[in-house]
Amino acid sequence: MKTIFVVDDNNINLLAASDALSKHYRVFTLPSAANLFELLEDVKPDLILLDILMPEMDGFETLQKLKSNGRYMEIPVIFLTSRNDAGTESQGFEMGAVDFIPKPFSKPVLLNRIKTHLEIENVIRERSNSLRRLKNGLVTVLANLVERRDMMTGSHIERTTKYIRILLQKMIEKEIYIDELKQWNIETVVSSVRLHDVGKIVISDLLLNKNGPLTPEEFEIMKKHAIEGENIIDEIIEESGDGFFLKHAKLFAGHHHERWDGTGYPRKLKGTDIPLQGRIMAIIDVYDALVSDRPYKKAFSHEKAVEIIKEGNGTHFDPYITGVFLECEKEIEKVMTSVN
C-alpha cells in the first residue's frame, strides 16, 4: 500500500484528507513541517500533500528544504491551497511541486489527482532505476578494466568502495560537513568512487606493474592519472549529457591525491579548497595502500596504518574527516580482512 503524508495546520483539513484517502493508502496526518521532517527520519512516503499557508515554516520553505536534501528531493509534492492565483502556481512549479489541489477539496478530485501522479511516478521510478542499473554496470565494467591492467593493487576498487560507504555513514551520523553531504545521493556517490583511478588507463603497463619503486621521472608520469581521469570523465559527460551521475566521479578522480597542507597533486590545493570528495578519498586511498602488499613493501598491519593516518592528521588529511575515520576504523578493519 502506498504511503501519503498530509501536512496542514488545520485539523479539519487533516481529518477530511484522512477520510478521503485512508481506504486506499496508508495516510499520516501531520500538523506542521517540523512534524513532517521528524517522521521523514523513519518513514519515506510515496507522495506528500502539503499546505502552503502554515506558521513557522510555510509550504514553499518546506518544499525548498525537501528539494535541497538528497534523501527527500525525489518525493513528489502536491500543494493543498486556497490560493489560486497564477503567481502562486508558477512559484510552486518552479520550485518542484507536481500539482496544486484547491481547498476545500472534493474527495473524487483528490483521489483522481493522487492516483494519476502515483502512476506517473511509478513509470518514472522504473525508468530511473533501469538507467541507474545501466550506469552502475558501465561504471563497474570500466573500473574493472582499469584494475585488471593494474595487477599490483588487487581488489583496491572493491575495498575502497566499501570503506567509503562506512566513512560517509559515520560522517552523516556525526554531522561532519552535513550541509554538503545532505545534498548528496549517497548511493550515487559510492558508485562513483569506483572511477577514482580511471586515469590509469592511459598509463603504461610497464609503470603500473613495475616490480619495484618508481623513479622520480616515472612518478611524475604516474601522477598524470589524476588529470587524465578528469579528462576521461569529462568526455563521458559530454557524450552522455549526464553530469549529475558523474560529477562526483570527476571530483574523486581529480582530487584524491591532494593534501590538506597543499603539498599534494595535481593542483596543490589546500584545506577546504580541495573538494570534499577528494578529502574523503585521500584518507581511504592511503589506508588501502598501507594495508596492501606492493612491490616495494609488505602490507602494514591495520594498527600501523591507523597510526600513520593519525600522523598525517592536519598535514595530509582533513582533521575532521580523520577524526571520523578513527571512530569507525574497527568497522573498516572488518571489511579489510574480509575482502583481502
# chains A, B, ... in the order shown; residues from 1 in each chain; ligands from 1
$ residues_around --residues "range 325-327 of chain A" --least-positions-apart "2" --cutoff "12 Å" --atoms "only C-alpha atoms" --output "compact mmCIF listing (two decimals) with all heavy atoms, in the first residue's frame"
# COMPACT_ATOMS: atom_id res chain seq x y z
N TYR A 163 34.87 0.91 2.08
CA TYR A 163 35.36 1.81 3.12
C TYR A 163 34.65 3.17 3.05
O TYR A 163 34.30 3.76 4.08
CB TYR A 163 36.87 2.07 2.96
CG TYR A 163 37.77 0.86 3.03
CD1 TYR A 163 39.03 0.89 2.40
CD2 TYR A 163 37.42 -0.29 3.71
CE1 TYR A 163 39.90 -0.19 2.46
CE2 TYR A 163 38.29 -1.39 3.76
CZ TYR A 163 39.51 -1.33 3.14
OH TYR A 163 40.37 -2.40 3.19
N ILE A 164 34.48 3.68 1.83
CA ILE A 164 33.84 4.98 1.65
C ILE A 164 32.43 4.97 2.21
O ILE A 164 31.98 5.93 2.86
CB ILE A 164 33.82 5.38 0.16
CG1 ILE A 164 35.21 5.82 -0.31
CG2 ILE A 164 32.80 6.48 -0.10
CD1 ILE A 164 35.61 7.22 0.09
N ARG A 165 31.69 3.90 1.97
CA ARG A 165 30.32 3.82 2.48
C ARG A 165 30.30 3.93 4.01
O ARG A 165 29.49 4.66 4.59
CB ARG A 165 29.66 2.51 2.04
CG ARG A 165 28.18 2.44 2.43
CD ARG A 165 27.61 1.06 2.09
NE ARG A 165 27.64 0.80 0.66
CZ ARG A 165 26.73 1.22 -0.18
NH1 ARG A 165 25.71 1.92 0.24
NH2 ARG A 165 26.83 0.92 -1.47
N ILE A 166 31.21 3.21 4.66
CA ILE A 166 31.28 3.26 6.12
C ILE A 166 31.62 4.67 6.59
O ILE A 166 30.99 5.21 7.52
CB ILE A 166 32.34 2.26 6.64
CG1 ILE A 166 31.89 0.83 6.37
CG2 ILE A 166 32.59 2.46 8.14
CD1 ILE A 166 32.97 -0.22 6.64
N LEU A 167 32.61 5.29 5.95
CA LEU A 167 33.05 6.62 6.36
C LEU A 167 31.94 7.66 6.15
O LEU A 167 31.69 8.51 7.02
CB LEU A 167 34.31 7.02 5.59
CG LEU A 167 34.96 8.35 5.97
CD1 LEU A 167 35.36 8.37 7.44
CD2 LEU A 167 36.18 8.62 5.09
N LEU A 168 31.26 7.59 5.02
CA LEU A 168 30.17 8.54 4.75
C LEU A 168 29.04 8.39 5.76
O LEU A 168 28.48 9.39 6.25
CB LEU A 168 29.64 8.35 3.33
CG LEU A 168 30.51 8.88 2.19
CD1 LEU A 168 29.92 8.47 0.85
CD2 LEU A 168 30.64 10.39 2.27
N GLN A 169 28.67 7.16 6.06
CA GLN A 169 27.60 6.94 7.03
C GLN A 169 27.97 7.51 8.39
O GLN A 169 27.13 8.10 9.08
CB GLN A 169 27.29 5.44 7.13
CG GLN A 169 26.59 4.88 5.90
CD GLN A 169 26.49 3.37 5.90
OE1 GLN A 169 27.17 2.67 6.65
NE2 GLN A 169 25.61 2.84 5.07
N LYS A 170 29.22 7.34 8.80
CA LYS A 170 29.67 7.88 10.08
C LYS A 170 29.73 9.40 10.05
O LYS A 170 29.39 10.08 11.04
CB LYS A 170 31.03 7.29 10.45
CG LYS A 170 31.55 7.73 11.81
CD LYS A 170 30.67 7.27 12.96
CE LYS A 170 30.77 5.77 13.19
NZ LYS A 170 30.09 5.37 14.45
N MET A 171 30.14 9.99 8.92
CA MET A 171 30.16 11.44 8.80
C MET A 171 28.77 12.03 8.92
O MET A 171 28.56 13.06 9.57
CB MET A 171 30.80 11.86 7.47
CG MET A 171 32.31 11.63 7.41
SD MET A 171 33.02 12.02 5.78
CE MET A 171 32.75 13.80 5.69
N GLU A 173 26.23 10.57 10.46
CA GLU A 173 25.82 10.35 11.86
C GLU A 173 26.39 11.43 12.77
O GLU A 173 25.71 11.93 13.67
CB GLU A 173 26.30 8.97 12.31
CG GLU A 173 26.01 8.64 13.77
CD GLU A 173 26.65 7.34 14.20
OE1 GLU A 173 26.73 6.40 13.37
OE2 GLU A 173 27.10 7.25 15.36
N LYS A 174 27.65 11.81 12.54
CA LYS A 174 28.32 12.81 13.37
C LYS A 174 28.09 14.24 12.87
O LYS A 174 28.58 15.19 13.47
CB LYS A 174 29.83 12.52 13.42
CG LYS A 174 30.19 11.20 14.08
CD LYS A 174 29.83 11.21 15.55
CE LYS A 174 30.21 9.92 16.23
NZ LYS A 174 29.87 9.95 17.68
N ILE A 176 29.32 15.74 10.28
CA ILE A 176 30.53 16.37 9.77
C ILE A 176 30.31 16.76 8.31
O ILE A 176 29.98 15.90 7.48
CB ILE A 176 31.74 15.43 9.91
CG1 ILE A 176 31.96 15.03 11.37
CG2 ILE A 176 33.00 16.07 9.33
CD1 ILE A 176 32.23 16.17 12.31
N ARG A 279 38.99 15.04 -0.35
CA ARG A 279 39.47 14.91 1.02
C ARG A 279 39.04 13.58 1.64
O ARG A 279 39.78 12.98 2.43
CB ARG A 279 38.93 16.08 1.86
CG ARG A 279 39.65 17.33 1.51
CD ARG A 279 39.04 18.66 1.82
NE ARG A 279 38.00 18.77 2.77
CZ ARG A 279 36.87 19.47 2.56
NH1 ARG A 279 36.67 20.05 1.38
NH2 ARG A 279 35.96 19.59 3.48
N ILE A 280 37.86 13.11 1.28
CA ILE A 280 37.39 11.82 1.77
C ILE A 280 38.20 10.69 1.14
O ILE A 280 38.67 9.77 1.82
CB ILE A 280 35.89 11.64 1.46
CG1 ILE A 280 35.05 12.62 2.30
CG2 ILE A 280 35.43 10.21 1.70
CD1 ILE A 280 33.60 12.68 1.90
N MET A 281 38.38 10.77 -0.18
CA MET A 281 39.06 9.69 -0.89
C MET A 281 40.53 9.63 -0.51
O MET A 281 41.12 8.53 -0.49
CB MET A 281 38.94 9.91 -2.41
CG MET A 281 39.34 8.70 -3.24
SD MET A 281 38.16 7.36 -3.09
CE MET A 281 39.25 5.96 -2.93
N ALA A 282 41.14 10.75 -0.16
CA ALA A 282 42.56 10.77 0.19
C ALA A 282 42.86 9.83 1.34
O ALA A 282 43.80 9.03 1.28
CB ALA A 282 43.00 12.20 0.53
N ILE A 283 42.06 9.90 2.37
CA ILE A 283 42.33 9.09 3.55
C ILE A 283 42.05 7.61 3.29
O ILE A 283 42.78 6.73 3.75
CB ILE A 283 41.53 9.63 4.77
CG1 ILE A 283 42.10 9.07 6.08
CG2 ILE A 283 40.05 9.33 4.65
CD1 ILE A 283 41.58 9.82 7.31
N ILE A 284 41.01 7.33 2.51
CA ILE A 284 40.67 5.94 2.19
C ILE A 284 41.69 5.33 1.27
O ILE A 284 42.11 4.17 1.43
CB ILE A 284 39.25 5.87 1.58
CG1 ILE A 284 38.19 6.24 2.62
CG2 ILE A 284 38.99 4.51 0.98
CD1 ILE A 284 38.18 5.37 3.86
N TYR A 287 44.91 4.64 3.23
CA TYR A 287 44.73 3.49 4.14
C TYR A 287 44.82 2.18 3.38
O TYR A 287 45.53 1.25 3.80
CB TYR A 287 43.37 3.57 4.86
CG TYR A 287 43.04 2.30 5.61
CD1 TYR A 287 43.61 2.03 6.85
CD2 TYR A 287 42.19 1.34 5.05
CE1 TYR A 287 43.35 0.85 7.53
CE2 TYR A 287 41.92 0.15 5.72
CZ TYR A 287 42.50 -0.08 6.95
OH TYR A 287 42.25 -1.27 7.61
N HIS A 302 46.77 -3.30 10.25
CA HIS A 302 45.74 -2.27 10.39
C HIS A 302 46.17 -1.25 11.43
O HIS A 302 46.03 -0.03 11.22
CB HIS A 302 44.42 -2.92 10.79
CG HIS A 302 43.37 -1.94 11.22
ND1 HIS A 302 42.66 -1.18 10.32
CD2 HIS A 302 42.94 -1.57 12.47
CE1 HIS A 302 41.82 -0.39 10.99
NE2 HIS A 302 41.97 -0.60 12.28
N GLU A 303 46.70 -1.71 12.55
CA GLU A 303 47.09 -0.81 13.63
C GLU A 303 48.19 0.17 13.18
O GLU A 303 48.13 1.37 13.50
CB GLU A 303 47.59 -1.63 14.84
CG GLU A 303 46.51 -2.41 15.56
CD GLU A 303 46.04 -3.64 14.79
OE1 GLU A 303 46.78 -4.10 13.88
OE2 GLU A 303 44.93 -4.14 15.10
N ALA A 305 48.76 1.10 10.09
CA ALA A 305 48.15 2.02 9.11
C ALA A 305 47.39 3.13 9.83
O ALA A 305 47.47 4.30 9.43
CB ALA A 305 47.21 1.25 8.18
N VAL A 306 46.68 2.79 10.87
CA VAL A 306 45.93 3.79 11.64
C VAL A 306 46.89 4.79 12.27
O VAL A 306 46.62 6.01 12.29
CB VAL A 306 45.04 3.12 12.71
CG1 VAL A 306 44.46 4.16 13.66
CG2 VAL A 306 43.91 2.34 12.04
N GLU A 307 48.00 4.33 12.77
CA GLU A 307 48.99 5.24 13.36
C GLU A 307 49.52 6.21 12.31
O GLU A 307 49.72 7.40 12.59
CB GLU A 307 50.15 4.44 13.97
CG GLU A 307 49.81 3.77 15.29
CD GLU A 307 49.35 4.76 16.34
OE1 GLU A 307 50.00 5.83 16.50
OE2 GLU A 307 48.31 4.49 16.99
N ILE A 308 49.77 5.71 11.11
CA ILE A 308 50.27 6.58 10.04
C ILE A 308 49.21 7.61 9.66
O ILE A 308 49.52 8.79 9.40
CB ILE A 308 50.70 5.74 8.82
CG1 ILE A 308 51.92 4.89 9.18
CG2 ILE A 308 51.00 6.64 7.61
CD1 ILE A 308 52.32 3.89 8.11
N ILE A 309 47.93 7.20 9.63
CA ILE A 309 46.84 8.13 9.35
C ILE A 309 46.81 9.23 10.42
O ILE A 309 46.67 10.42 10.12
CB ILE A 309 45.49 7.40 9.32
CG1 ILE A 309 45.42 6.38 8.17
CG2 ILE A 309 44.33 8.40 9.22
CD1 ILE A 309 45.43 6.96 6.80
N LYS A 310 46.98 8.84 11.68
CA LYS A 310 47.00 9.82 12.77
C LYS A 310 48.13 10.83 12.58
O LYS A 310 47.96 12.03 12.79
CB LYS A 310 47.18 9.12 14.13
CG LYS A 310 45.97 8.36 14.62
CD LYS A 310 46.27 7.72 15.98
CE LYS A 310 45.09 6.93 16.50
NZ LYS A 310 45.42 6.26 17.80
N ASN A 313 47.33 13.58 10.21
CA ASN A 313 46.19 14.44 10.57
C ASN A 313 46.61 15.91 10.54
O ASN A 313 47.55 16.32 11.22
CB ASN A 313 45.70 14.06 11.97
CG ASN A 313 44.44 14.82 12.37
OD1 ASN A 313 43.77 15.40 11.52
ND2 ASN A 313 44.15 14.83 13.64
N PHE A 317 45.84 14.94 5.76
CA PHE A 317 44.40 14.69 5.80
C PHE A 317 43.61 15.78 6.53
O PHE A 317 44.11 16.40 7.47
CB PHE A 317 44.12 13.35 6.49
CG PHE A 317 44.92 12.20 5.94
CD1 PHE A 317 45.84 11.54 6.72
CD2 PHE A 317 44.76 11.80 4.62
CE1 PHE A 317 46.59 10.49 6.23
CE2 PHE A 317 45.50 10.75 4.10
CZ PHE A 317 46.43 10.09 4.91
N ASP A 318 42.37 15.96 6.08
CA ASP A 318 41.41 16.85 6.73
C ASP A 318 41.22 16.40 8.19
O ASP A 318 40.85 15.26 8.44
CB ASP A 318 40.09 16.77 5.96
CG ASP A 318 38.99 17.67 6.51
OD1 ASP A 318 38.90 17.81 7.75
OD2 ASP A 318 38.21 18.19 5.71
N PRO A 319 41.45 17.27 9.17
CA PRO A 319 41.34 16.86 10.57
C PRO A 319 39.96 16.33 10.96
O PRO A 319 39.86 15.40 11.76
CB PRO A 319 41.67 18.15 11.35
CG PRO A 319 42.44 18.99 10.39
CD PRO A 319 41.91 18.66 9.03
N TYR A 320 38.90 16.93 10.42
CA TYR A 320 37.55 16.50 10.78
C TYR A 320 37.27 15.09 10.23
O TYR A 320 36.69 14.25 10.92
CB TYR A 320 36.51 17.49 10.25
CG TYR A 320 36.63 18.86 10.88
CD1 TYR A 320 37.20 19.92 10.17
CD2 TYR A 320 36.17 19.09 12.17
CE1 TYR A 320 37.31 21.17 10.75
CE2 TYR A 320 36.28 20.34 12.75
CZ TYR A 320 36.86 21.38 12.04
OH TYR A 320 36.97 22.62 12.61
N ILE A 321 37.69 14.84 9.00
CA ILE A 321 37.46 13.53 8.40
C ILE A 321 38.35 12.49 9.08
O ILE A 321 37.94 11.35 9.29
CB ILE A 321 37.71 13.58 6.88
CG1 ILE A 321 36.73 14.56 6.23
CG2 ILE A 321 37.55 12.18 6.26
CD1 ILE A 321 36.97 14.78 4.76
N THR A 322 39.57 12.90 9.45
CA THR A 322 40.45 11.98 10.18
C THR A 322 39.80 11.54 11.48
O THR A 322 39.82 10.36 11.85
CB THR A 322 41.81 12.64 10.48
OG1 THR A 322 42.39 13.10 9.27
CG2 THR A 322 42.75 11.65 11.15
N GLY A 323 39.19 12.50 12.19
CA GLY A 323 38.51 12.17 13.44
C GLY A 323 37.40 11.15 13.25
O GLY A 323 37.25 10.21 14.04
N GLU A 329 37.25 3.08 12.46
CA GLU A 329 38.35 2.27 11.91
C GLU A 329 38.18 0.78 12.18
O GLU A 329 38.64 -0.05 11.40
CB GLU A 329 39.71 2.77 12.41
CG GLU A 329 39.84 3.01 13.90
CD GLU A 329 40.53 1.86 14.62
OE1 GLU A 329 40.81 0.86 13.95
OE2 GLU A 329 40.76 1.98 15.83
N LYS A 330 37.51 0.40 13.26
CA LYS A 330 37.30 -1.02 13.53
C LYS A 330 36.33 -1.63 12.51
O LYS A 330 36.51 -2.79 12.09
CB LYS A 330 36.76 -1.21 14.94
CG LYS A 330 37.77 -0.87 16.05
CD LYS A 330 39.01 -1.75 15.95
CE LYS A 330 40.00 -1.46 17.06
NZ LYS A 330 41.28 -2.23 16.89
N GLU A 331 35.33 -0.86 12.10
CA GLU A 331 34.41 -1.35 11.06
C GLU A 331 35.16 -1.50 9.73
O GLU A 331 34.94 -2.45 8.99
CB GLU A 331 33.24 -0.36 10.88
CG GLU A 331 32.36 -0.20 12.10
CD GLU A 331 31.35 0.90 11.92
OE1 GLU A 331 30.54 0.81 10.98
OE2 GLU A 331 31.39 1.87 12.70
N ILE A 332 36.03 -0.55 9.45
CA ILE A 332 36.82 -0.61 8.22
C ILE A 332 37.77 -1.80 8.26
O ILE A 332 37.96 -2.49 7.25
CB ILE A 332 37.57 0.72 8.01
CG1 ILE A 332 36.57 1.82 7.63
CG2 ILE A 332 38.66 0.59 6.96
CD1 ILE A 332 37.17 3.20 7.54
N GLU A 333 38.34 -2.08 9.42
CA GLU A 333 39.24 -3.22 9.55
C GLU A 333 38.51 -4.52 9.22
O GLU A 333 39.06 -5.42 8.57
CB GLU A 333 39.81 -3.28 10.96
CG GLU A 333 40.77 -4.45 11.16
CD GLU A 333 41.27 -4.59 12.59
OE1 GLU A 333 40.62 -4.02 13.50
OE2 GLU A 333 42.29 -5.27 12.78
$ select_by_dssp --residues "range 11-235 of chain A" --states "helix (DSSP H, G or I)" --output "PyMOL selection string"
chain A and resi 11-21+33-40+59-67+86-95+107-149+156-174+178-181+186-195+198-202+205-208+216-223+225-235
$ atom_distance --atom1 "CA of Thr161 in chain A" --atom2 "CA of Val139 in chain A"
12.5 Å
$ atom_distance --atom1 "CA of His248 in chain A" --atom2 "CA of Ile157 in chain A"
15.6 Å
$ closest_residue --among "A:Ile172, A:Leu290, A:Cys328, A:Gly96" --to "Ile186 in chain A" --atoms "only C-alpha atoms"
A:Ile172
$ select_by_dssp --residues "range 73-311 of chain A" --states "strand (DSSP E or B)" --output "list in words"
Val77, Ile78, Phe79, Leu80, Thr81, Asp99, Phe100, Ile101, Pro102, Arg294 and Lys297 of chain A
$ write_last_selection --atoms "N, CA, C and O atoms" --output "mmCIF file, in the first residue's frame"
data_model
loop_
_atom_site.group_PDB
_atom_site.id
_atom_site.type_symbol
_atom_site.label_atom_id
_atom_site.label_comp_id
_atom_site.auth_asym_id
_atom_site.auth_seq_id
_atom_site.Cartn_x
_atom_site.Cartn_y
_atom_site.Cartn_z
ATOM 1 N N VAL A 77 5.571 16.219 -4.511
ATOM 2 C CA VAL A 77 4.822 17.070 -3.583
ATOM 3 C C VAL A 77 3.682 17.757 -4.324
ATOM 4 O O VAL A 77 3.899 18.370 -5.375
ATOM 5 N N ILE A 78 2.472 17.631 -3.776
ATOM 6 C CA ILE A 78 1.298 18.342 -4.291
ATOM 7 C C ILE A 78 0.894 19.379 -3.258
ATOM 8 O O ILE A 78 0.722 19.052 -2.075
ATOM 9 N N PHE A 79 0.743 20.607 -3.687
ATOM 10 C CA PHE A 79 0.315 21.654 -2.772
ATOM 11 C C PHE A 79 -1.204 21.609 -2.578
ATOM 12 O O PHE A 79 -1.974 21.449 -3.540
ATOM 13 N N LEU A 80 -1.632 21.746 -1.329
ATOM 14 C CA LEU A 80 -3.032 21.973 -0.997
ATOM 15 C C LEU A 80 -3.164 23.448 -0.652
ATOM 16 O O LEU A 80 -2.478 23.947 0.243
ATOM 17 N N THR A 81 -4.037 24.169 -1.352
ATOM 18 C CA THR A 81 -4.079 25.604 -1.121
ATOM 19 C C THR A 81 -5.427 26.215 -1.465
ATOM 20 O O THR A 81 -6.144 25.729 -2.351
ATOM 21 N N ASP A 99 1.846 19.422 -8.602
ATOM 22 C CA ASP A 99 0.452 19.790 -8.854
ATOM 23 C C ASP A 99 -0.055 20.670 -7.716
ATOM 24 O O ASP A 99 0.582 20.796 -6.666
ATOM 25 N N PHE A 100 -1.225 21.277 -7.958
ATOM 26 C CA PHE A 100 -1.948 22.030 -6.945
ATOM 27 C C PHE A 100 -3.355 21.463 -6.845
ATOM 28 O O PHE A 100 -3.995 21.192 -7.874
ATOM 29 N N ILE A 101 -3.864 21.302 -5.638
ATOM 30 C CA ILE A 101 -5.250 20.900 -5.417
ATOM 31 C C ILE A 101 -5.897 21.976 -4.562
ATOM 32 O O ILE A 101 -5.418 22.262 -3.449
ATOM 33 N N PRO A 102 -6.970 22.612 -5.063
ATOM 34 C CA PRO A 102 -7.586 23.709 -4.307
ATOM 35 C C PRO A 102 -8.351 23.200 -3.093
ATOM 36 O O PRO A 102 -8.881 22.090 -3.081
ATOM 37 N N ARG A 294 52.676 -4.228 -1.835
ATOM 38 C CA ARG A 294 53.149 -3.541 -3.022
ATOM 39 C C ARG A 294 54.518 -4.109 -3.372
ATOM 40 O O ARG A 294 55.186 -4.706 -2.514
ATOM 41 N N LYS A 297 57.016 -2.928 -0.829
ATOM 42 C CA LYS A 297 56.780 -3.079 0.600
ATOM 43 C C LYS A 297 55.768 -4.184 0.872
ATOM 44 O O LYS A 297 54.944 -4.507 0.013
#
$ closest_residue --among "A:Gly87, A:Ile114, A:Val193, A:Lys304" --to "His156 in chain A" --atoms "only C-alpha atoms"
A:Val193
$ closest_residue --among "A:Ile237, A:Val6, A:Ala226, A:Val189" --to "Asp46 in chain A" --atoms "only C-alpha atoms"
A:Val6
$ residues_around --residues "Thr29 in chain A" --least-positions-apart "6" --cutoff "10 Å" --atoms "only C-alpha atoms" --output "mmCIF file with all heavy atoms, in the first residue's frame"
data_model
loop_
_atom_site.group_PDB
_atom_site.id
_atom_site.type_symbol
_atom_site.label_atom_id
_atom_site.label_comp_id
_atom_site.auth_asym_id
_atom_site.auth_seq_id
_atom_site.Cartn_x
_atom_site.Cartn_y
_atom_site.Cartn_z
ATOM 1 N N ILE A 4 1.129 8.095 2.045
ATOM 2 C CA ILE A 4 0.934 9.516 1.769
ATOM 3 C C ILE A 4 1.009 10.302 3.073
ATOM 4 O O ILE A 4 0.397 9.919 4.073
ATOM 5 C CB ILE A 4 -0.422 9.770 1.083
ATOM 6 C CG1 ILE A 4 -0.451 9.104 -0.293
ATOM 7 C CG2 ILE A 4 -0.698 11.268 0.957
ATOM 8 C CD1 ILE A 4 -1.765 9.248 -1.019
ATOM 9 N N PHE A 5 1.785 11.380 3.027
ATOM 10 C CA PHE A 5 1.821 12.327 4.143
ATOM 11 C C PHE A 5 0.909 13.500 3.794
ATOM 12 O O PHE A 5 0.974 14.027 2.670
ATOM 13 C CB PHE A 5 3.228 12.865 4.378
ATOM 14 C CG PHE A 5 4.194 11.899 5.001
ATOM 15 C CD1 PHE A 5 3.832 10.591 5.317
ATOM 16 C CD2 PHE A 5 5.498 12.311 5.278
ATOM 17 C CE1 PHE A 5 4.751 9.708 5.883
ATOM 18 C CE2 PHE A 5 6.414 11.441 5.857
ATOM 19 C CZ PHE A 5 6.043 10.138 6.158
ATOM 20 N N VAL A 6 0.092 13.919 4.736
ATOM 21 C CA VAL A 6 -0.717 15.128 4.580
ATOM 22 C C VAL A 6 -0.257 16.119 5.638
ATOM 23 O O VAL A 6 -0.330 15.838 6.836
ATOM 24 C CB VAL A 6 -2.221 14.833 4.748
ATOM 25 C CG1 VAL A 6 -3.033 16.100 4.458
ATOM 26 C CG2 VAL A 6 -2.665 13.686 3.852
ATOM 27 N N VAL A 7 0.235 17.283 5.191
ATOM 28 C CA VAL A 7 0.783 18.278 6.111
ATOM 29 C C VAL A 7 -0.070 19.540 6.038
ATOM 30 O O VAL A 7 -0.134 20.205 4.999
ATOM 31 C CB VAL A 7 2.253 18.621 5.752
ATOM 32 C CG1 VAL A 7 2.853 19.511 6.825
ATOM 33 C CG2 VAL A 7 3.076 17.349 5.574
ATOM 34 N N ASP A 8 -0.743 19.850 7.151
ATOM 35 C CA ASP A 8 -1.647 21.001 7.196
ATOM 36 C C ASP A 8 -1.843 21.387 8.656
ATOM 37 O O ASP A 8 -2.005 20.514 9.511
ATOM 38 C CB ASP A 8 -2.989 20.648 6.547
ATOM 39 C CG ASP A 8 -3.822 21.872 6.187
ATOM 40 O OD1 ASP A 8 -4.000 22.749 7.064
ATOM 41 O OD2 ASP A 8 -4.307 21.943 5.043
ATOM 42 N N ASP A 9 -1.831 22.680 8.948
ATOM 43 C CA ASP A 9 -2.012 23.100 10.339
ATOM 44 C C ASP A 9 -3.478 23.157 10.761
ATOM 45 O O ASP A 9 -3.783 23.456 11.912
ATOM 46 C CB ASP A 9 -1.350 24.473 10.565
ATOM 47 C CG ASP A 9 -2.006 25.577 9.754
ATOM 48 O OD1 ASP A 9 -2.344 25.331 8.574
ATOM 49 O OD2 ASP A 9 -2.167 26.689 10.279
ATOM 50 N N ASN A 11 -6.782 21.110 11.533
ATOM 51 C CA ASN A 11 -7.219 19.746 11.851
ATOM 52 C C ASN A 11 -8.397 19.296 10.996
ATOM 53 O O ASN A 11 -8.522 18.106 10.684
ATOM 54 C CB ASN A 11 -7.591 19.639 13.333
ATOM 55 C CG ASN A 11 -6.370 19.578 14.225
ATOM 56 O OD1 ASN A 11 -5.315 19.114 13.811
ATOM 57 N ND2 ASN A 11 -6.501 20.079 15.457
ATOM 58 N N ASN A 13 -8.945 20.029 7.857
ATOM 59 C CA ASN A 13 -8.392 19.581 6.572
ATOM 60 C C ASN A 13 -7.698 18.228 6.705
ATOM 61 O O ASN A 13 -7.803 17.377 5.809
ATOM 62 C CB ASN A 13 -7.405 20.613 6.035
ATOM 63 C CG ASN A 13 -8.074 21.905 5.621
ATOM 64 O OD1 ASN A 13 -9.244 21.913 5.241
ATOM 65 N ND2 ASN A 13 -7.345 23.007 5.719
ATOM 66 N N LEU A 14 -7.009 18.015 7.811
ATOM 67 C CA LEU A 14 -6.335 16.733 8.036
ATOM 68 C C LEU A 14 -7.354 15.598 8.141
ATOM 69 O O LEU A 14 -7.163 14.522 7.565
ATOM 70 C CB LEU A 14 -5.477 16.795 9.293
ATOM 71 C CG LEU A 14 -4.244 17.702 9.248
ATOM 72 C CD1 LEU A 14 -3.533 17.703 10.606
ATOM 73 C CD2 LEU A 14 -3.271 17.262 8.157
ATOM 74 N N LEU A 15 -8.425 15.838 8.866
ATOM 75 C CA LEU A 15 -9.465 14.815 9.015
ATOM 76 C C LEU A 15 -10.150 14.527 7.680
ATOM 77 O O LEU A 15 -10.429 13.367 7.361
ATOM 78 C CB LEU A 15 -10.498 15.269 10.050
ATOM 79 C CG LEU A 15 -10.029 15.258 11.511
ATOM 80 C CD1 LEU A 15 -11.064 15.944 12.410
ATOM 81 C CD2 LEU A 15 -9.801 13.822 11.981
ATOM 82 N N ALA A 17 -8.875 14.902 4.640
ATOM 83 C CA ALA A 17 -7.953 14.175 3.776
ATOM 84 C C ALA A 17 -7.827 12.724 4.215
ATOM 85 O O ALA A 17 -7.814 11.807 3.390
ATOM 86 C CB ALA A 17 -6.587 14.851 3.799
ATOM 87 N N SER A 18 -7.739 12.494 5.511
ATOM 88 C CA SER A 18 -7.640 11.129 6.028
ATOM 89 C C SER A 18 -8.881 10.323 5.681
ATOM 90 O O SER A 18 -8.791 9.156 5.271
ATOM 91 C CB SER A 18 -7.436 11.171 7.545
ATOM 92 O OG SER A 18 -7.367 9.869 8.068
ATOM 93 N N ASN A 35 6.928 18.417 12.191
ATOM 94 C CA ASN A 35 6.486 17.029 12.340
ATOM 95 C C ASN A 35 6.787 16.207 11.095
ATOM 96 O O ASN A 35 7.133 15.027 11.178
ATOM 97 C CB ASN A 35 4.981 16.982 12.635
ATOM 98 C CG ASN A 35 4.634 17.562 13.994
ATOM 99 O OD1 ASN A 35 3.890 18.542 14.085
ATOM 100 N ND2 ASN A 35 5.159 16.976 15.052
ATOM 101 N N LEU A 36 6.685 16.850 9.930
ATOM 102 C CA LEU A 36 6.998 16.177 8.667
ATOM 103 C C LEU A 36 8.441 15.701 8.654
ATOM 104 O O LEU A 36 8.726 14.523 8.386
ATOM 105 C CB LEU A 36 6.748 17.125 7.498
ATOM 106 C CG LEU A 36 7.359 16.724 6.142
ATOM 107 C CD1 LEU A 36 6.716 15.465 5.599
ATOM 108 C CD2 LEU A 36 7.246 17.875 5.141
ATOM 109 N N LEU A 49 1.227 15.609 0.445
ATOM 110 C CA LEU A 49 0.246 16.670 0.242
ATOM 111 C C LEU A 49 0.593 17.770 1.235
ATOM 112 O O LEU A 49 0.593 17.542 2.448
ATOM 113 C CB LEU A 49 -1.175 16.170 0.475
ATOM 114 C CG LEU A 49 -1.652 15.009 -0.406
ATOM 115 C CD1 LEU A 49 -3.072 14.597 -0.032
ATOM 116 C CD2 LEU A 49 -1.596 15.390 -1.880
#
$ closest_residue --among "A:Asp293, A:Glu89, A:Glu258, A:Glu119" --to "Ser155 in chain A" --atoms "only C-alpha atoms"
A:Asp293
$ atom_distance --atom1 "CA of Asp261 in chain A" --atom2 "CA of Glu228 in chain A"
23.3 Å
$ residues_around --residues "Asn231 in chain A" --least-positions-apart "5" --cutoff "9 Å" --atoms "only C-alpha atoms" --output "ChimeraX atom specification"
/A:199,226,236,250
